[in-house]
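Contents: one structure, followed by commentary.
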2 protein chains.
Amino acid sequence: MSWLETELREQPAALARFLERQVPRARDLGAVFRRNDVRYVLIASRGSSGNAARYAQYLLGRANRVPVAFATPSLYTLYEQPPRLDGALAIGISQSGESPDVRAVLEEARRQGRPTLAITNDPDSPLARAAEAVLPLEAGEERAVAATKTYLNSLGAVSLLFAASTQDEAALHELERMPARVAEQLERSFTGPKDLDRYWAIGGATVVARGVNYGTAFEIALKVRELSGLLVEAYSSADLLHGPIAAIGKGWPVIVVAPSGPARAGIEELLDRLEERGARLLVIADDEVLLRRAETAFPLVGPVPEWLSPLVAVIPGQVAALRLAQLRGLDLDHPAGLSKVTLTR
Amino acid sequence: MSWLETELREQPAALARFLERQVPRARDLGAVFRRNDVRYVLIASRGSSGNAARYAQYLLGRANRVPVAFATPSLYTLYEQPPRLDGALAIGISQSGESPDVRAVLEEARRQGRPTLAITNDPDSPLARAAEAVLPLEAGEERAVAATKTYLNSLGAVSLLFAASTQDEAALHELERMPARVAEQLERSFTGPKDLDRYWAIGGATVVARGVNYGTAFEIALKVRELSGLLVEAYSSADLLHGPIAAIGKGWPVIVVAPSGPARAGIEELLDRLEERGARLLVIADDEVLLRRAETAFPLVGPVPEWLSPLVAVIPGQVAALRLAQLRGLDLDHPAGLSKVTLTR
């Protein structure tokens, strides 16, 4: 079995381990989100970690009611003109903890006396050393180039920080039930219909979601893209309608990520627009009405609270990415031209 | 002549008109950026206006040293859980001023007692009415669906606010020289080599930049995409290297936007990586060394200060988008399935 598939299947165990080990530390870290001088959260991240940051943007925005900004690392590195960070809580997310640009943001925040937190799978990494506090991902070593269990545990870290920072014990219990739901979802996604053969010759795809699953759309796009070298892109459904839908034509595959929740409202209208344009619809949802409209339906296990739906909604995308790459005869663990650790300044 | 070409050619006059009329108002507005209780800027925008917001992220971040966050409108609308906005200066950018989700962010900020500013081409629009202050774009009526002069004037508004808020008279003079540079660039781009025929059958393209021209890459991608229905996407060069480069294969066109400046540093390395993968390079630059590496070179007029380079760097992309759509026999003013005003919630 490939490392990729092994690690994909390890996700429930990895998430359970993270929760078993890190709840007490997260409770301590929660207090920093409630500090009076914390007006917003500033996140530095790249790649899959950046998609976990998009989840944080919705979760922390909704619950702690703290706006989340993404750092523009080049201001700290290339331009050497970092912003003033009064009011910021700076968080770096990086599975390897190696990328110099992500670290530079945390170093600058610390220099300015702001609270800093590293979320990383390597608690001895440069990023971890740069930060005042560290939340280790506990995913275990990840050997495949494409991140799977480190991504899922990054979502786990964001949701645990949300529960801890709002001191919401009910939310914590909901989160603690997720390893079992992730396992069910893996089972369903691996044993479900395998008729992806019809997509083996596609040139690419577009992945769409809105709200809390915005980052899920980007992560599924990245996973298929990394593993298959296909041109896969992601949009929020609102952004897509503001122009980019022009490129969605007859026969173009569109993966719609639509778990039940407030963001579902506009999804039927979006499906109408996509059908008018002749797109091929692949739908990840728990709602039969939406699934029936798809050429290929990826049913989600339920019920999962909407705020935690990204932890299961990404799974059908990961499995589809793996299968498409297999269909195309590609090396699952070493996609052409990619490396596990990318250093950007 | 199409409205699109007429409006594209009107850009120097539109920018000059904006500067003639709005410098005094911008000087007044500049003070709000210096308020002690303004810790960060929160921008709500979609489509081309969102690409102008990416420019603001770099410009305001570097100069005023104020971090810029992008609003997540669905928190204000679908989820009805808007964040607390203490410390925020909220700015909405919208050419039409019509989109309900952008307006919702400004309304909420105002309800929370925060300063609000609308940047719009319609000073009577709902967005303008929702904001405490308005900076009109003065672009005149724009009839083509694809934004050109309203985009350029949005960049003008951002750079004028930068000059006014930092009370930097030298910067203001540099900006006031830009209508002439934009006119030169248009002349050069329209009379330059027209050998885009070789691209008429492409399936799409990727546009790459970093730093202050990050938004330029997104705007060029959007323009080609809207006008030609081609699958064109944009990335920062750093993000591209963290995985998505996997989809850049032999013969795929990559447009690299690389005016001279601090962000140029990594561009030669990026070109190496793209050449290794067999990509076809189109380069927008003022530097001969970079231009010589391109299959198609789009030379920029010079010298233009780096911070203002987005105002000229977008022009070759706009002209190429127009020509590609002409080559493909498409309706320049009414791209299939798009409308001038998009209302998203």
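Ordering of the structure tokens sets the chain letters (A, B, ...), residue numbers begin anew at 1 in every chain, and ligands are numbered from 1 in the order given.
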Please list as a PyMOL selection string every residue within 12 Å of Arg129 (chain B), counting only C-alpha atoms and excluding residues in the same chain fewer than 3 positions away.
chain B and resi 92+97-98+103-104+106-107+110+116-120+122-126+132-135
Distance cut-off 7 Å, counting only C-alpha atoms - which residues of chain A neighbour chain B? Return them as a VMD selection string.
chain A and resid 39 46 to 47 61 to 62 65 to 67 69 to 70 74 to 75 78 to 79 81 to 84 86 to 87 211 222 225 to 226 229 to 231 238 to 239 242 to 244 246 to 247 262 to 263 336 to 338 342 344
Please run DSSP on the backbone and report, as a PyMOL selection string, all residues within region 104-256 of chain A that come out as strand (DSSP E or B).
chain A and resi 116-120+133-136+204-209+231-236+253-256
Would you export the selected residues with N, CA, C and O atoms as a JSON list (two decimals), in the first residue's frame, please?
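The result, stored in again_2.json:
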```json
[["chain", "number", "residue", "atom", "x", "y", "z"],
["A", 116, "THR", "N", 2.26, 34.74, 20.35],
["A", 116, "THR", "CA", 2.52, 33.94, 19.14],
["A", 116, "THR", "C", 2.29, 32.47, 19.42],
["A", 116, "THR", "O", 2.62, 31.97, 20.50],
["A", 117, "LEU", "N", 1.74, 31.78, 18.43],
["A", 117, "LEU", "CA", 1.43, 30.36, 18.57],
["A", 117, "LEU", "C", 1.81, 29.63, 17.29],
["A", 117, "LEU", "O", 1.44, 30.07, 16.20],
["A", 118, "ALA", "N", 2.56, 28.54, 17.43],
["A", 118, "ALA", "CA", 2.89, 27.69, 16.28],
["A", 118, "ALA", "C", 2.05, 26.43, 16.32],
["A", 118, "ALA", "O", 2.00, 25.76, 17.35],
["A", 119, "ILE", "N", 1.39, 26.11, 15.22],
["A", 119, "ILE", "CA", 0.68, 24.84, 15.09],
["A", 119, "ILE", "C", 1.47, 24.04, 14.07],
["A", 119, "ILE", "O", 1.52, 24.39, 12.88],
["A", 120, "THR", "N", 2.15, 23.00, 14.52],
["A", 120, "THR", "CA", 3.08, 22.29, 13.64],
["A", 120, "THR", "C", 3.19, 20.83, 14.05],
["A", 120, "THR", "O", 2.98, 20.50, 15.22],
["A", 133, "ALA", "N", 4.31, 29.87, 22.15],
["A", 133, "ALA", "CA", 3.58, 28.65, 22.49],
["A", 133, "ALA", "C", 3.47, 27.76, 21.26],
["A", 133, "ALA", "O", 3.48, 28.25, 20.13],
["A", 134, "VAL", "N", 3.38, 26.46, 21.52],
["A", 134, "VAL", "CA", 3.31, 25.49, 20.42],
["A", 134, "VAL", "C", 2.14, 24.54, 20.67],
["A", 134, "VAL", "O", 1.93, 24.08, 21.80],
["A", 135, "LEU", "N", 1.38, 24.27, 19.62],
["A", 135, "LEU", "CA", 0.37, 23.21, 19.69],
["A", 135, "LEU", "C", 0.81, 22.13, 18.69],
["A", 135, "LEU", "O", 0.68, 22.31, 17.48],
["A", 136, "PRO", "N", 1.37, 21.01, 19.20],
["A", 136, "PRO", "CA", 1.87, 19.97, 18.28],
["A", 136, "PRO", "C", 0.71, 19.21, 17.65],
["A", 136, "PRO", "O", -0.29, 18.93, 18.32],
["A", 204, "GLY", "N", -9.13, 18.87, -15.99],
["A", 204, "GLY", "CA", -9.10, 19.56, -14.71],
["A", 204, "GLY", "C", -10.49, 19.61, -14.12],
["A", 204, "GLY", "O", -11.39, 18.89, -14.58],
["A", 205, "ALA", "N", -10.67, 20.44, -13.13],
["A", 205, "ALA", "CA", -11.96, 20.55, -12.47],
["A", 205, "ALA", "C", -11.99, 21.82, -11.62],
["A", 205, "ALA", "O", -10.94, 22.42, -11.37],
["A", 206, "THR", "N", -13.18, 22.20, -11.23],
["A", 206, "THR", "CA", -13.35, 23.34, -10.33],
["A", 206, "THR", "C", -14.06, 22.85, -9.08],
["A", 206, "THR", "O", -15.02, 22.08, -9.19],
["A", 207, "VAL", "N", -13.58, 23.26, -7.91],
["A", 207, "VAL", "CA", -14.20, 22.84, -6.66],
["A", 207, "VAL", "C", -14.83, 24.09, -6.02],
["A", 207, "VAL", "O", -14.18, 25.14, -5.95],
["A", 208, "VAL", "N", -16.07, 23.96, -5.56],
["A", 208, "VAL", "CA", -16.80, 25.12, -5.05],
["A", 208, "VAL", "C", -17.41, 24.83, -3.69],
["A", 208, "VAL", "O", -17.93, 23.73, -3.45],
["A", 209, "ALA", "N", -17.33, 25.80, -2.79],
["A", 209, "ALA", "CA", -18.01, 25.70, -1.50],
["A", 209, "ALA", "C", -18.20, 27.12, -1.00],
["A", 209, "ALA", "O", -17.72, 28.08, -1.61],
["A", 231, "LEU", "N", -5.41, 20.34, -13.75],
["A", 231, "LEU", "CA", -5.63, 21.73, -13.43],
["A", 231, "LEU", "C", -6.91, 21.88, -12.62],
["A", 231, "LEU", "O", -7.99, 22.03, -13.19],
["A", 232, "VAL", "N", -6.78, 21.83, -11.32],
["A", 232, "VAL", "CA", -7.96, 21.92, -10.46],
["A", 232, "VAL", "C", -7.86, 23.19, -9.65],
["A", 232, "VAL", "O", -6.80, 23.53, -9.12],
["A", 233, "GLU", "N", -8.96, 23.90, -9.58],
["A", 233, "GLU", "CA", -9.00, 25.21, -8.93],
["A", 233, "GLU", "C", -10.16, 25.24, -7.96],
["A", 233, "GLU", "O", -11.07, 24.41, -8.04],
["A", 234, "ALA", "N", -10.16, 26.21, -7.05],
["A", 234, "ALA", "CA", -11.25, 26.30, -6.07],
["A", 234, "ALA", "C", -11.77, 27.74, -6.02],
["A", 234, "ALA", "O", -11.01, 28.69, -6.22],
["A", 235, "TYR", "N", -13.06, 27.86, -5.74],
["A", 235, "TYR", "CA", -13.69, 29.17, -5.58],
["A", 235, "TYR", "C", -14.76, 29.10, -4.51],
["A", 235, "TYR", "O", -15.41, 28.05, -4.34],
["A", 236, "SER", "N", -15.01, 30.21, -3.84],
["A", 236, "SER", "CA", -16.26, 30.32, -3.10],
["A", 236, "SER", "C", -17.35, 30.50, -4.15],
["A", 236, "SER", "O", -17.11, 31.07, -5.22],
["A", 253, "PRO", "N", -15.90, 19.34, -15.24],
["A", 253, "PRO", "CA", -16.32, 18.80, -13.95],
["A", 253, "PRO", "C", -16.28, 19.86, -12.84],
["A", 253, "PRO", "O", -15.27, 20.57, -12.71],
["A", 254, "VAL", "N", -17.34, 19.96, -12.08],
["A", 254, "VAL", "CA", -17.39, 20.87, -10.94],
["A", 254, "VAL", "C", -17.76, 20.06, -9.70],
["A", 254, "VAL", "O", -18.79, 19.40, -9.67],
["A", 255, "ILE", "N", -16.88, 20.10, -8.71],
["A", 255, "ILE", "CA", -17.14, 19.41, -7.45],
["A", 255, "ILE", "C", -17.73, 20.42, -6.48],
["A", 255, "ILE", "O", -17.10, 21.43, -6.17],
["A", 256, "VAL", "N", -18.96, 20.17, -6.04],
["A", 256, "VAL", "CA", -19.64, 21.09, -5.14],
["A", 256, "VAL", "C", -19.63, 20.48, -3.73],
["A", 256, "VAL", "O", -20.11, 19.37, -3.54]]
```
Please identify the alpha helix (DSSP H) residues within region 120-295 of chain A (assignment by DSSP from backbone atoms) and present them as number ranges by chain.
A: 126-130, 149-165, 169-176, 178-191, 214-228, 237-241, 267-276, 288-291
Those same residues, written as an mmCIF file, in the first residue's frame with C-alpha atoms?
```cif
data_model
loop_
_atom_site.group_PDB
_atom_site.id
_atom_site.type_symbol
_atom_site.label_atom_id
_atom_site.label_comp_id
_atom_site.auth_asym_id
_atom_site.auth_seq_id
_atom_site.Cartn_x
_atom_site.Cartn_y
_atom_site.Cartn_z
ATOM 1 C CA PRO A 126 12.293 26.490 13.479
ATOM 2 C CA LEU A 127 8.664 27.683 13.526
ATOM 3 C CA ALA A 128 8.059 26.075 16.927
ATOM 4 C CA ARG A 129 11.241 27.665 18.302
ATOM 5 C CA ALA A 130 10.181 31.071 17.002
ATOM 6 C CA LYS A 149 -3.316 13.383 8.245
ATOM 7 C CA THR A 150 -1.411 16.592 9.014
ATOM 8 C CA TYR A 151 -4.187 18.508 7.238
ATOM 9 C CA LEU A 152 -6.922 16.733 9.179
ATOM 10 C CA ASN A 153 -5.096 17.310 12.457
ATOM 11 C CA SER A 154 -4.643 20.990 11.569
ATOM 12 C CA LEU A 155 -8.434 21.188 11.290
ATOM 13 C CA GLY A 156 -8.576 19.353 14.621
ATOM 14 C CA ALA A 157 -6.224 21.931 16.138
ATOM 15 C CA VAL A 158 -8.321 24.829 14.879
ATOM 16 C CA SER A 159 -11.542 23.309 16.183
ATOM 17 C CA LEU A 160 -9.942 22.406 19.516
ATOM 18 C CA LEU A 161 -8.682 25.979 19.905
ATOM 19 C CA PHE A 162 -12.184 27.209 19.157
ATOM 20 C CA ALA A 163 -13.734 24.944 21.806
ATOM 21 C CA ALA A 164 -11.027 25.784 24.344
ATOM 22 C CA SER A 165 -11.024 29.520 23.733
ATOM 23 C CA GLU A 169 -17.614 21.984 26.783
ATOM 24 C CA ALA A 170 -20.449 20.882 24.505
ATOM 25 C CA ALA A 171 -18.340 21.795 21.490
ATOM 26 C CA LEU A 172 -15.426 19.838 22.923
ATOM 27 C CA HIS A 173 -17.620 16.765 23.253
ATOM 28 C CA GLU A 174 -18.793 17.158 19.673
ATOM 29 C CA LEU A 175 -15.166 17.336 18.580
ATOM 30 C CA GLU A 176 -14.242 14.256 20.598
ATOM 31 C CA MET A 178 -15.144 13.179 15.334
ATOM 32 C CA PRO A 179 -12.476 10.458 15.093
ATOM 33 C CA ALA A 180 -15.319 7.923 14.903
ATOM 34 C CA ARG A 181 -17.140 9.993 12.270
ATOM 35 C CA VAL A 182 -13.965 10.363 10.230
ATOM 36 C CA ALA A 183 -13.516 6.574 10.372
ATOM 37 C CA GLU A 184 -17.101 6.043 9.169
ATOM 38 C CA GLN A 185 -16.587 8.547 6.387
ATOM 39 C CA LEU A 186 -13.379 6.800 5.270
ATOM 40 C CA GLU A 187 -15.195 3.480 5.241
ATOM 41 C CA ARG A 188 -18.036 4.953 3.205
ATOM 42 C CA SER A 189 -15.727 6.752 0.785
ATOM 43 C CA PHE A 190 -13.490 3.720 0.204
ATOM 44 C CA THR A 191 -16.324 1.246 -0.258
ATOM 45 C CA TYR A 214 -14.421 27.260 1.865
ATOM 46 C CA GLY A 215 -11.045 25.779 2.859
ATOM 47 C CA THR A 216 -12.317 22.246 2.105
ATOM 48 C CA ALA A 217 -12.817 23.263 -1.521
ATOM 49 C CA PHE A 218 -9.231 24.540 -1.697
ATOM 50 C CA GLU A 219 -7.828 21.432 -0.029
ATOM 51 C CA ILE A 220 -9.660 19.032 -2.350
ATOM 52 C CA ALA A 221 -8.486 21.067 -5.345
ATOM 53 C CA LEU A 222 -4.899 21.013 -4.091
ATOM 54 C CA LYS A 223 -4.982 17.275 -3.378
ATOM 55 C CA VAL A 224 -6.270 16.297 -6.831
ATOM 56 C CA ARG A 225 -3.866 18.760 -8.402
ATOM 57 C CA GLU A 226 -0.799 17.554 -6.519
ATOM 58 C CA LEU A 227 -1.533 13.879 -7.063
ATOM 59 C CA SER A 228 -2.756 13.960 -10.657
ATOM 60 C CA SER A 237 -19.612 30.101 -4.860
ATOM 61 C CA ALA A 238 -20.017 33.873 -4.440
ATOM 62 C CA ASP A 239 -16.636 34.655 -6.000
ATOM 63 C CA LEU A 240 -17.307 32.229 -8.848
ATOM 64 C CA LEU A 241 -20.443 34.148 -9.798
ATOM 65 C CA ILE A 267 -26.212 25.985 -3.431
ATOM 66 C CA GLU A 268 -29.352 25.024 -5.365
ATOM 67 C CA GLU A 269 -29.176 28.281 -7.284
ATOM 68 C CA LEU A 270 -25.504 27.598 -7.984
ATOM 69 C CA LEU A 271 -26.373 24.105 -9.255
ATOM 70 C CA ASP A 272 -28.956 25.683 -11.586
ATOM 71 C CA ARG A 273 -26.310 27.995 -13.018
ATOM 72 C CA LEU A 274 -23.820 25.165 -13.422
ATOM 73 C CA GLU A 275 -26.413 22.934 -15.117
ATOM 74 C CA GLU A 276 -27.331 25.743 -17.540
ATOM 75 C CA GLU A 288 -30.406 13.593 -0.771
ATOM 76 C CA VAL A 289 -31.938 16.467 -2.739
ATOM 77 C CA LEU A 290 -28.490 17.780 -3.630
ATOM 78 C CA LEU A 291 -26.937 14.350 -4.158
#
```
Nearby residues (only C-alpha atoms) at most 10 Å from Glu20 (chain A), same-chain spacing under 4 positions excluded, as a PyMOL selection string
chain A and resi 14-16+24+138+176
For CA of Val304 (chain B) and CA of Ala53 (chain B), the interatomic separation in Å (one decimal)
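So the answer is 20.7 Å.
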Please compute the CA of Ala279 (chain B)-CA of Leu327 (chain B) distance, one decimal, in Å.
22.0 Å
